[in-house]
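Working notes for the structure below.
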Amino acid sequence: MKKKLLMPIAALVLLAGCDYNEENFKGLEEMTQPTNVFKKEYTMLNADYAAVASNKANVAIAKEAGVSTDLKNVGTNNYFTSIITAEQYLPAFLADKYYTADDGAAVKVTFNKKVSLPEYVNQLNKTTIFTLAATDYQAAWGTTSSLNFFTPSKPAANYVPGILAAKVATPVSGQIVCASYNVSDVEPAAMTVAFKEDFETGTTANTELSLANWTNTTVTGTSKWVAKSYSGNKYAQQTAYQHAAGELDSYLISKEISVEKGMLLTFDALYANYVATGGSITVLVSTNLTDPTTEAGINAAKWDNLTSKFTIPTSATGSGDMVNAGSADLASYVGKKIRIAFRYQGNGTTAATTTTRIDNVAISTPGKNNYLLVNTLYSYSGTAWTPYTTANVLMLSQADFNLMGSKYDNFSSTFNADNYLPAFLKQKYPFAQEGDVKVPVYKFYNSTSKETSIRADEYIFTSGQFVKNDAIETVTDQFVRSEGVWKFDPSVVITLSTSKADKETSLFYQTITDWVKVNKGAQYVTTYGNNDYYYGGSAYNNNFDFRPSAWKAQTPSEYGNKTDADLIKLMFERLPEAFIPALEKLYADAKPVTGVEVTYTINFSIYDGSATTPYVIKYLVVGDAKFQYIKDSLVKL
């Protein structure tokens with residue numbers, strides 16, 4: 001019962017409150033209420049960008065503009081962009097953060113903003129890749145040649161432009177391509193290559209291998225050797241895991257190969273997802289296999305087992321690099337034709353499921369078939385392809401990646417460019433100077449999309465290190481609360497120092513004087529060129545010189561007959577227009593903002609011969625780099 005009685009009593013007191021106050025405290029209702037008008041500075045935290053991205057008002061704005069994904073990215077990346085701007089999307093955040101603020105409150109917010117890299121870097125990031133096919137090298141060696149590399153006597157520069165002209169469809173002026181090709185430092189006469197297979201041409205990842213140089217035969221089970229791709233590199237793979245309910249016996253058998261003196265058999269390999277219970281290959285050679293497609297034909301042949309000549313590394317996971325497994329001397333087969341076979345034996349039932357990967361199979365004379373993949377940038381002039389020769393741009397090739405510990409010619413999500421390029425560039429440019437800019441261009445393999453693309457980064461030598469330009473600027477902008485809402489207000493306060501050492505102030509006054517000389521006449525400017533007596537600006541003393549005697553001495557024909565009072569009146573009449581030339585030139589990025597009066601307030605000083613007096617004057621931004629004097633804003637402080 002007591003609880004029920006308390007509520008109506010309280011309600012009666014509230015209802016009577018207004019009458020009670022008016023009767024006992026006359027004028028209370030008319031008293032000025034406290035306001036929350038403030039000036040603050042605030043630096044955004046990572047959590048604030050997430051708050052901007054999730055703000056309901058912002059979500060609605062972004063949805064209507066079709067940029068919802070861009071807004072979400074701001075919350076993840078912790079920076080604004082040219083699409084999701086602070087000017088448009090910060091006001092709702094400030095309304096939530098300073099919900100008690102009143103009109104007139106102002107906050108200078110410091111935030112991150114993604115800006116554009118230099119245009120030539122952006123253009124490099126649009127580079128496409130052109131990898132020369134085996135037949136393209138025939139431009140150098142003739143149509144009957146099977147050589148797939150360039151040499152000192154057949155340099156790539158002599159042939160690649162013509163190959164690009166023939167192969168790149170409808171190029172446009174300024175287009176850039178990365179030409180990828182093989183280069184050997186040894187002439188082909190010194191090389192003997194009987195067989196080479198890197199599984200790059202004619203294969204499709206995650207499909208059964210079907211190549212003219214190989215027979216893919218399974219005699220027990222149903223799974224055949226397949227093509228796989230990792231970090232942009234293709235290879236052959238076989239495994240009993242999830243492919244065979246029981247025993248798997250599978251062969252990958254080469255075409256017939258003629259063996260010459262000094263030749264070795266080599267290949268790269270890896271046992272991935274290694275299990276001790278089994279799943280491995282046997283390396284075989286036959287001189288009398290006639291039918292590689294059937295079990296009977298395979299069993300009828302005589303096979304030599306060379307497995308002991310090779311050591312294959314293991315990895316307990318599905319990742320890991322293939323390495324050279326060693327070599328087998330083929331001296332006993334010189335003058336004969338052989339087939340090599342990789343026989344995989346595993347069992348899905350007994351968990352003998354190790355995954356075997358092989359690549360870069362070769363029968364050759366050792367040390368004479370080494371070549372590296374070279375990447376070179378070419379640009380289209382409108383009529384021809386020419387090397388891209390911007391001095392600070394470096395296109396990375398396989399040799400560069402070898403220095404960084406990789407056998408490939410690309411970075412990837414697991415081989416991060418950011419971790420390697422600073423040290424690589426420092427080694428590459430040991431005499432770099434502060435502020436030097438280098439742009440490494442490189443291939444990047446996307447493990448998700450299985451695609452390789454070109455990326456270009458800008459690095460700046462800073463304090464002894466190459467630092468990546470992430471194109472993130474720290475920006476401070478002002479926002480004010482007006483008419484009940486927060487608005488971007490880039491108003492600026494300029495304080496012109498009276499110190500002669502202040503170069504920025506001197507530049508401001510010098511800009512005024514230079515304008516006077518060109519637009520009003522050289523007669524108003526002193527012989528030193530740093531003072532004018534049309535407005536009185538002095539870049540020497542960093543003030544306005546309003547001494548009548550100085551004005552009369554400079555231009556006696558114009559000012560000599562005026563009284564000092566009349567001349568001083570003229571000085572102040574001209575003064576509001578004096579600042580405009582400097583504002584238009586030095587603050588050319590000034591722009592009006594809808595719904596906000598963008599102002600430039602200038603603090604400056606006037607010397608009258610006896611004292612230097614501070615003044616203030618204000619201008620309204622009325623157009624792009626256009627300023628208008630605000631009437632009666634010129635005030636002595």
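The chains in the structure tokens are called A, B, ... from first to last as shown; in each chain the residues are counted from 1, and the ligands are counted from 1 in the order shown.
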
Identify, with DSSP run on backbone atoms, the residues in range 564-620 of chain A assigned to strand (DSSP E or B), and express the list as a short mmCIF file (atom, residue, chain, number, x, y, z; two decimals) with N, CA and C atoms, in the first residue's frame.
data_model
loop_
_atom_site.label_atom_id
_atom_site.label_comp_id
_atom_site.auth_asym_id
_atom_site.auth_seq_id
_atom_site.Cartn_x
_atom_site.Cartn_y
_atom_site.Cartn_z
N VAL A 593 32.09 25.47 -48.16
CA VAL A 593 31.41 24.26 -47.71
C VAL A 593 29.94 24.60 -47.52
N VAL A 596 28.11 26.03 -44.22
CA VAL A 596 29.11 26.50 -43.25
C VAL A 596 29.79 27.74 -43.80
N THR A 599 35.82 30.66 -42.89
CA THR A 599 36.50 31.94 -42.73
C THR A 599 38.00 31.75 -42.56
N TYR A 600 38.74 32.77 -42.96
CA TYR A 600 40.18 32.84 -42.72
C TYR A 600 40.42 34.08 -41.87
N THR A 601 40.90 33.86 -40.66
CA THR A 601 41.17 34.95 -39.72
C THR A 601 42.67 35.21 -39.69
N ILE A 602 43.06 36.46 -39.87
CA ILE A 602 44.48 36.79 -39.94
C ILE A 602 44.84 37.73 -38.80
N ASN A 603 45.80 37.33 -38.00
CA ASN A 603 46.38 38.19 -36.97
C ASN A 603 47.67 38.80 -37.53
N PHE A 604 47.79 40.11 -37.46
CA PHE A 604 48.94 40.79 -38.05
C PHE A 604 49.24 42.05 -37.26
N SER A 605 50.27 42.75 -37.68
CA SER A 605 50.69 43.96 -36.95
C SER A 605 50.92 45.12 -37.91
N ILE A 606 50.71 46.35 -37.38
CA ILE A 606 50.94 47.58 -38.13
C ILE A 606 51.94 48.44 -37.36
N TYR A 607 52.96 48.90 -38.08
CA TYR A 607 53.94 49.81 -37.48
C TYR A 607 53.65 51.22 -37.97
N THR A 612 54.32 49.18 -32.69
CA THR A 612 53.81 48.09 -33.52
C THR A 612 52.56 47.54 -32.85
N THR A 613 51.42 47.68 -33.52
CA THR A 613 50.12 47.38 -32.90
C THR A 613 49.50 46.16 -33.56
N PRO A 614 49.01 45.18 -32.76
CA PRO A 614 48.36 44.00 -33.34
C PRO A 614 46.94 44.29 -33.80
N TYR A 615 46.56 43.66 -34.93
CA TYR A 615 45.21 43.77 -35.49
C TYR A 615 44.72 42.38 -35.88
N VAL A 616 43.43 42.30 -36.14
CA VAL A 616 42.85 41.08 -36.68
C VAL A 616 41.91 41.46 -37.82
N ILE A 617 41.83 40.59 -38.84
CA ILE A 617 40.94 40.81 -39.97
C ILE A 617 40.42 39.46 -40.43
N LYS A 618 39.20 39.41 -40.99
CA LYS A 618 38.59 38.14 -41.37
C LYS A 618 38.10 38.18 -42.82
N TYR A 619 38.16 36.99 -43.46
CA TYR A 619 37.71 36.83 -44.84
C TYR A 619 36.81 35.60 -44.95
N LEU A 620 35.83 35.71 -45.81
CA LEU A 620 34.91 34.61 -46.08
C LEU A 620 35.32 33.94 -47.39
#

For Lys443 in chain A, find every residue with an atom within 8 Å (counting only C-alpha atoms), except residues of its own chain fewer than 3 positions away, and show them as a short mmCIF file (atom, residue, chain, number, x, y, z; two decimals) with N, CA and C atoms, in the first residue's frame.
data_model
loop_
_atom_site.label_atom_id
_atom_site.label_comp_id
_atom_site.auth_asym_id
_atom_site.auth_seq_id
_atom_site.Cartn_x
_atom_site.Cartn_y
_atom_site.Cartn_z
N LEU A 396 61.52 -6.57 -60.21
CA LEU A 396 62.19 -7.71 -59.60
C LEU A 396 62.08 -8.95 -60.48
N ASP A 409 59.62 -16.39 -58.50
CA ASP A 409 59.87 -15.01 -58.93
C ASP A 409 58.72 -14.11 -58.52
N ASN A 410 58.15 -14.40 -57.34
CA ASN A 410 57.01 -13.62 -56.89
C ASN A 410 56.92 -13.62 -55.36
N PHE A 411 56.23 -12.62 -54.86
CA PHE A 411 55.80 -12.63 -53.46
C PHE A 411 54.42 -13.26 -53.39
N THR A 452 48.21 -14.49 -60.51
CA THR A 452 49.41 -13.69 -60.30
C THR A 452 49.22 -12.33 -60.96
N SER A 453 49.52 -11.28 -60.20
CA SER A 453 49.37 -9.92 -60.72
C SER A 453 50.62 -9.11 -60.40
N ILE A 454 50.63 -7.87 -60.88
CA ILE A 454 51.77 -6.98 -60.65
C ILE A 454 51.40 -5.96 -59.57
N ARG A 455 52.34 -5.76 -58.67
CA ARG A 455 52.18 -4.73 -57.65
C ARG A 455 53.39 -3.81 -57.66
#

Report task. For Thr476 in chain A, please output as a list in words all residues within 9 Å (counting only C-alpha atoms; exclusion window: fewer than 3 positions along the same chain). Result ->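 In the requested form, the answer reads Thr43, Lys108, Val109, Thr110, Phe111 and Asn112 of chain A.
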
Selection to disk with C-alpha atoms, as a short mmCIF file (atom, residue, chain, number, x, y, z; two decimals), in the first residue's frame:
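In the end it all went to result.cif:
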data_model
loop_
_atom_site.label_atom_id
_atom_site.label_comp_id
_atom_site.auth_asym_id
_atom_site.auth_seq_id
_atom_site.Cartn_x
_atom_site.Cartn_y
_atom_site.Cartn_z
CA THR A 43 42.71 12.17 -32.26
CA LYS A 108 39.63 19.73 -34.35
CA VAL A 109 39.75 16.04 -35.26
CA THR A 110 42.99 14.33 -36.28
CA PHE A 111 42.43 11.24 -38.42
CA ASN A 112 44.00 8.99 -41.04
#

Query raised in the report: Between A:Ser231, A:Ser332, A:Gly142, A:Thr201, which one has atoms that come closest to Asn416 in chain A, using only C-alpha atoms?
Result: A:Ser231

Query raised in the report: Quick one: residues within 10 Å of Val393 in chain A, only C-alpha atoms counted, chain neighbours fewer than 6 positions away excluded, as a count of residues only?
Result: 12

Query raised in the report: Could you name the residues that touch Asn213 in chain A at 12 Å or less, counting only C-alpha atoms, but leaving out those on the same chain fewer than 6 positions away, as a PyMOL selection string?
Result: chain A and resi 195-199+201-203+252-257+292+339-341+361

Using C-alpha atoms, can you export the residues from the last selection as an mmCIF file, in the first residue's frame?
data_model
loop_
_atom_site.group_PDB
_atom_site.id
_atom_site.type_symbol
_atom_site.label_atom_id
_atom_site.label_comp_id
_atom_site.auth_asym_id
_atom_site.auth_seq_id
_atom_site.Cartn_x
_atom_site.Cartn_y
_atom_site.Cartn_z
ATOM 1 C CA PHE A 195 64.343 -33.640 -71.613
ATOM 2 C CA LYS A 196 62.838 -30.945 -69.398
ATOM 3 C CA GLU A 197 59.413 -30.739 -67.773
ATOM 4 C CA ASP A 198 58.211 -28.044 -65.380
ATOM 5 C CA PHE A 199 54.457 -28.812 -65.782
ATOM 6 C CA THR A 201 52.475 -25.496 -70.098
ATOM 7 C CA GLY A 202 49.430 -27.530 -71.091
ATOM 8 C CA THR A 203 48.294 -28.225 -67.515
ATOM 9 C CA LEU A 252 53.701 -41.277 -64.447
ATOM 10 C CA ILE A 253 55.830 -42.406 -67.394
ATOM 11 C CA SER A 254 57.820 -40.165 -69.729
ATOM 12 C CA LYS A 255 58.145 -40.352 -73.485
ATOM 13 C CA GLU A 256 61.254 -41.998 -74.934
ATOM 14 C CA ILE A 257 64.379 -39.915 -74.327
ATOM 15 C CA PRO A 292 53.018 -47.635 -70.985
ATOM 16 C CA ARG A 339 61.668 -43.882 -70.326
ATOM 17 C CA ILE A 340 61.596 -42.690 -66.737
ATOM 18 C CA ALA A 341 58.703 -43.482 -64.443
ATOM 19 C CA VAL A 361 62.199 -33.093 -64.173
#

Report task. Could you jot down the CA of Gly174 in chain A to CA of Gln123 in chain A separation for me, Å, one decimal place? Result ->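 So the answer is 8.8 Å.
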
Query raised in the report: Neighbours of Thr498 in chain A within 7 Å (only C-alpha atoms; same-chain residues fewer than 5 positions away dropped), as a VMD selection string?
Result: chain A and resid 541 to 543

Query raised in the report: Of the residues A:Asn148, A:Ser447, A:Glu247, A:Thr386, which is the one nearest to Ser412 in chain A, using only C-alpha atoms?
Result: A:Ser447

Query raised in the report: Which residues, written as a list of chain:residue names, have at least one atom at most 6 Å from range 47-53 of chain A, with only C-alpha atoms counted and residues fewer than 3 positions away on the same chain left out?
Result: A:Met44, A:Leu71, A:Lys72, A:Gly75, A:Asn78, A:Phe93

Output file for the selection above: N, CA and C atoms, as a PDB file, in the first residue's frame:
ATOM      1  N   MET A  44      41.557  10.422 -33.462  1.00  0.00           N
ATOM      2  CA  MET A  44      40.744   9.218 -33.579  1.00  0.00           C
ATOM      3  C   MET A  44      41.545   7.963 -33.253  1.00  0.00           C
ATOM      4  N   LEU A  71      32.291   1.767 -46.752  1.00  0.00           N
ATOM      5  CA  LEU A  71      32.121   2.213 -45.375  1.00  0.00           C
ATOM      6  C   LEU A  71      32.612   1.145 -44.402  1.00  0.00           C
ATOM      7  N   LYS A  72      32.265  -0.110 -44.659  1.00  0.00           N
ATOM      8  CA  LYS A  72      32.747  -1.200 -43.796  1.00  0.00           C
ATOM      9  C   LYS A  72      34.269  -1.256 -43.777  1.00  0.00           C
ATOM     10  N   GLY A  75      36.022   0.910 -41.248  1.00  0.00           N
ATOM     11  CA  GLY A  75      36.074   0.340 -39.908  1.00  0.00           C
ATOM     12  C   GLY A  75      37.164  -0.684 -39.728  1.00  0.00           C
ATOM     13  N   ASN A  78      40.894   1.512 -40.719  1.00  0.00           N
ATOM     14  CA  ASN A  78      41.218   2.635 -39.828  1.00  0.00           C
ATOM     15  C   ASN A  78      41.724   3.866 -40.580  1.00  0.00           C
ATOM     16  N   PHE A  93      29.316  10.655 -36.166  1.00  0.00           N
ATOM     17  CA  PHE A  93      30.138  10.147 -35.068  1.00  0.00           C
ATOM     18  C   PHE A  93      30.268  11.197 -33.970  1.00  0.00           C
TER      19      PHE A  93
END

Requested in this report: Could you tell me how far CA of Tyr241 in chain A lies from CA of Ile312 in chain A, in Å and to one decimal?
Outcome: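 Distance reported for this atom pair: 19.0 Å.
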
Report task. Enumerate as a count of residues only all residues of range 314-517 of chain A assigned to helix (DSSP H, G or I) by DSSP on the backbone, naming them with the chain letters and numbers the document uses. Result -> 36

Report task. Return the single residue from A:Val598, A:Leu637, A:Leu164, A:Ala550 that is closest to Asp136 in chain A, with distances computed using only C-alpha atoms. Result ->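 Residue with the minimum atom-to-atom distance to Asp136 in chain A: A:Leu164.
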
Report task. Could you tell me which of A:Ile494, A:Leu284, A:Leu264, A:Val480 comes closest to Asp102 in chain A if we count only C-alpha atoms? Result ->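 Checking each candidate against Asp102 in chain A, we get A:Val480 as the closest.
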
Query raised in the report: Pick from A:Lys336, A:Lys97, A:Lys154, A:Arg357: nearest to Trp486 in chain A, with only C-alpha atoms counted?
Result: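 Among A:Lys336, A:Lys97, A:Lys154, A:Arg357, it is A:Lys97 that comes nearest to Trp486 in chain A.
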